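The next block holds one structure in the form of structure tokens; read it before the comments.
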Amino acid sequence: MTRYLSLAEFWFLSELVTGIDAATLTKASRVDLADSALHAPQAGFDDTDFYPDVYDKAAVLACRIAWNHPLPDGNKRAAWACLVLFIDLNEGSWNDAQPDTDEAVEAMLDVAARDVDETSQARTLRSAHEYRRDERRDHSITPARSPRGCGAAQVTRRIVSRYDIRHVDIYRSARKHGVADADILHAVDHALGAAEQDDGKVLYLGADRAGNMLEVVSVTRDDDTEIVIHAMRMRRIYEPLLREMRGTND
């Protein structure tokens, strides 16, 4: 089954591409238009799926975000970021090199100008990607609060042992705060604990190679591997959770 993006993940990516925190974005944006765009790939009637494959769904997702203009700025960048994450979460891989920044900008400008429609975009994705699995579990998730909070439902956390940590890859948004890949992996591999959230994310609190505490957030693929989407120096708001983790792992 297809893994769809949640509203919380949309705000998280929008924060990354605009530099405006999610809580502020939700107050200045059209939440209804963002929600509509995120649900568009799921459209269907009875047992009939209007967009039957992942290529169609990814194209619809990007086009609707670009056309709906839910954000005051950065809609094309957010649309591209959502498209890439959607493909990653659904076992996609680029046949050649992933498009560079100029190619991505050109693609989204064409979409925004409606020079490219959903069908054309889906056709482009079919030629640019391959999907490694046909059978997928349903990992669709409900809106929840991102690490900074975005006005949606409160996330509950379940502390899990550091020995439950699974293989992770690093999504480029995780590098926004200048944390090196090796430090991200060190924090995950040596995490004091992991807080598994009910919105599909996993929060790791662990030290980098120099001993500085990091907060690392990942999302789960269908094969139970994870993609790190956020990494930075641990903020004080996580100190109570860190103490709880330390107590759990003692």
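To be explicit about the labels: the chains of the structure tokens are called A, B, and onward in the order shown, and within each one the residues are counted from 1, while ligands get numbers from 1 in the order they are shown.
Residues in contact with A:Phe86 at up to 8 Å, not including ones fewer than 3 positions away on its chain and judged by only C-alpha atoms, are A:Arg3, A:Tyr4, A:Leu5, A:Ala58, A:Cys82, A:Leu83, A:Leu89, A:Asn90.
By only C-alpha atoms, and with residues fewer than 2 positions from A:Ile65 along its chain excluded, the set lying at most 6 Å from it is Ala37, Ala62, Cys63, Trp67, Asn68 and Ala79 of chain A.
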Requested write-out: N, CA and C atoms of the selected residues, as a PDB file, in the first residue's frame:
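Printed below is again.pdb as written:
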```pdb
ATOM      1  N   ALA A  37      -4.525  19.330  -1.119  1.00  0.00           N
ATOM      2  CA  ALA A  37      -3.467  18.852  -2.012  1.00  0.00           C
ATOM      3  C   ALA A  37      -2.895  17.520  -1.540  1.00  0.00           C
ATOM      4  N   ALA A  62       2.481  16.876  -6.281  1.00  0.00           N
ATOM      5  CA  ALA A  62       3.299  18.054  -6.586  1.00  0.00           C
ATOM      6  C   ALA A  62       2.487  19.127  -7.305  1.00  0.00           C
ATOM      7  N   CYS A  63       1.690  18.709  -8.269  1.00  0.00           N
ATOM      8  CA  CYS A  63       0.907  19.682  -9.042  1.00  0.00           C
ATOM      9  C   CYS A  63      -0.116  20.395  -8.168  1.00  0.00           C
ATOM     10  N   TRP A  67      -0.342  24.324  -7.507  1.00  0.00           N
ATOM     11  CA  TRP A  67      -1.511  25.043  -8.009  1.00  0.00           C
ATOM     12  C   TRP A  67      -2.377  25.622  -6.895  1.00  0.00           C
ATOM     13  N   ASN A  68      -2.456  24.946  -5.765  1.00  0.00           N
ATOM     14  CA  ASN A  68      -3.306  25.418  -4.675  1.00  0.00           C
ATOM     15  C   ASN A  68      -2.738  26.636  -3.948  1.00  0.00           C
ATOM     16  N   ALA A  79       6.420  21.911  -3.029  1.00  0.00           N
ATOM     17  CA  ALA A  79       5.872  20.865  -3.891  1.00  0.00           C
ATOM     18  C   ALA A  79       6.961  19.877  -4.313  1.00  0.00           C
TER      19      ALA A  79
END
```
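Using only C-alpha atoms, the smallest distance between any of A:Val228, A:Ala28, A:Leu16, A:Ala107 and A:Pro70 comes from A:Ala28.
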Applying 12 Å and only C-alpha atoms, which residues near A:Ala104 remain after dropping the ones on its own chain fewer than 4 positions away? List them as a PyMOL selection string.
chain A and resi 62+76-81+83-84+98-100+108-111
Could those residues be written to a file, using N, CA, C and O atoms, as a PDB file, in the first residue's frame?
```pdb
ATOM      1  N   ALA A  62       2.481  16.876  -6.281  1.00  0.00           N
ATOM      2  CA  ALA A  62       3.299  18.054  -6.586  1.00  0.00           C
ATOM      3  C   ALA A  62       2.487  19.127  -7.305  1.00  0.00           C
ATOM      4  O   ALA A  62       2.580  20.317  -6.979  1.00  0.00           O
ATOM      5  N   LYS A  76       6.333  26.235  -4.800  1.00  0.00           N
ATOM      6  CA  LYS A  76       6.987  25.351  -5.769  1.00  0.00           C
ATOM      7  C   LYS A  76       8.083  24.539  -5.097  1.00  0.00           C
ATOM      8  O   LYS A  76       8.246  23.347  -5.372  1.00  0.00           O
ATOM      9  N   ARG A  77       8.835  25.181  -4.199  1.00  0.00           N
ATOM     10  CA  ARG A  77       9.881  24.457  -3.478  1.00  0.00           C
ATOM     11  C   ARG A  77       9.281  23.393  -2.563  1.00  0.00           C
ATOM     12  O   ARG A  77       9.793  22.275  -2.467  1.00  0.00           O
ATOM     13  N   ALA A  78       8.194  23.727  -1.900  1.00  0.00           N
ATOM     14  CA  ALA A  78       7.526  22.753  -1.038  1.00  0.00           C
ATOM     15  C   ALA A  78       6.965  21.599  -1.853  1.00  0.00           C
ATOM     16  O   ALA A  78       7.033  20.435  -1.434  1.00  0.00           O
ATOM     17  N   ALA A  79       6.420  21.911  -3.029  1.00  0.00           N
ATOM     18  CA  ALA A  79       5.872  20.865  -3.891  1.00  0.00           C
ATOM     19  C   ALA A  79       6.961  19.877  -4.313  1.00  0.00           C
ATOM     20  O   ALA A  79       6.756  18.650  -4.298  1.00  0.00           O
ATOM     21  N   TRP A  80       8.130  20.412  -4.670  1.00  0.00           N
ATOM     22  CA  TRP A  80       9.236  19.538  -5.076  1.00  0.00           C
ATOM     23  C   TRP A  80       9.723  18.697  -3.900  1.00  0.00           C
ATOM     24  O   TRP A  80       9.966  17.496  -4.046  1.00  0.00           O
ATOM     25  N   ALA A  81       9.861  19.324  -2.730  1.00  0.00           N
ATOM     26  CA  ALA A  81      10.322  18.584  -1.550  1.00  0.00           C
ATOM     27  C   ALA A  81       9.345  17.457  -1.204  1.00  0.00           C
ATOM     28  O   ALA A  81       9.768  16.347  -0.868  1.00  0.00           O
ATOM     29  N   LEU A  83       7.319  15.931  -3.309  1.00  0.00           N
ATOM     30  CA  LEU A  83       7.429  14.911  -4.361  1.00  0.00           C
ATOM     31  C   LEU A  83       8.602  13.984  -4.086  1.00  0.00           C
ATOM     32  O   LEU A  83       8.471  12.747  -4.163  1.00  0.00           O
ATOM     33  N   VAL A  84       9.763  14.561  -3.765  1.00  0.00           N
ATOM     34  CA  VAL A  84      10.959  13.744  -3.532  1.00  0.00           C
ATOM     35  C   VAL A  84      10.783  12.841  -2.316  1.00  0.00           C
ATOM     36  O   VAL A  84      11.109  11.648  -2.351  1.00  0.00           O
ATOM     37  N   GLN A  98      19.727  12.184  -9.485  1.00  0.00           N
ATOM     38  CA  GLN A  98      18.566  12.994  -9.142  1.00  0.00           C
ATOM     39  C   GLN A  98      18.727  14.368  -9.781  1.00  0.00           C
ATOM     40  O   GLN A  98      19.824  14.911  -9.834  1.00  0.00           O
ATOM     41  N   PRO A  99      17.632  14.965 -10.311  1.00  0.00           N
ATOM     42  CA  PRO A  99      17.738  16.288 -10.932  1.00  0.00           C
ATOM     43  C   PRO A  99      18.411  17.297 -10.008  1.00  0.00           C
ATOM     44  O   PRO A  99      18.161  17.309  -8.802  1.00  0.00           O
ATOM     45  N   ASP A 100      19.271  18.145 -10.599  1.00  0.00           N
ATOM     46  CA  ASP A 100      19.919  19.168  -9.779  1.00  0.00           C
ATOM     47  C   ASP A 100      18.941  20.303  -9.514  1.00  0.00           C
ATOM     48  O   ASP A 100      17.790  20.279  -9.957  1.00  0.00           O
ATOM     49  N   MET A 108       9.316  22.687 -11.747  1.00  0.00           N
ATOM     50  CA  MET A 108       8.226  23.230 -10.949  1.00  0.00           C
ATOM     51  C   MET A 108       7.690  24.540 -11.525  1.00  0.00           C
ATOM     52  O   MET A 108       6.504  24.852 -11.367  1.00  0.00           O
ATOM     53  N   LEU A 109       8.528  25.310 -12.211  1.00  0.00           N
ATOM     54  CA  LEU A 109       8.037  26.498 -12.900  1.00  0.00           C
ATOM     55  C   LEU A 109       7.066  26.115 -14.005  1.00  0.00           C
ATOM     56  O   LEU A 109       6.030  26.776 -14.199  1.00  0.00           O
ATOM     57  N   ASP A 110       7.375  25.039 -14.723  1.00  0.00           N
ATOM     58  CA  ASP A 110       6.472  24.549 -15.774  1.00  0.00           C
ATOM     59  C   ASP A 110       5.153  24.080 -15.177  1.00  0.00           C
ATOM     60  O   ASP A 110       4.080  24.321 -15.745  1.00  0.00           O
ATOM     61  N   VAL A 111       5.227  23.416 -14.026  1.00  0.00           N
ATOM     62  CA  VAL A 111       4.007  22.962 -13.364  1.00  0.00           C
ATOM     63  C   VAL A 111       3.176  24.154 -12.917  1.00  0.00           C
ATOM     64  O   VAL A 111       1.964  24.219 -13.139  1.00  0.00           O
TER      65      VAL A 111
END
```
Atom CA of A:His39 to atom CA of A:Arg64, straight-line distance in Å:
9.6 Å
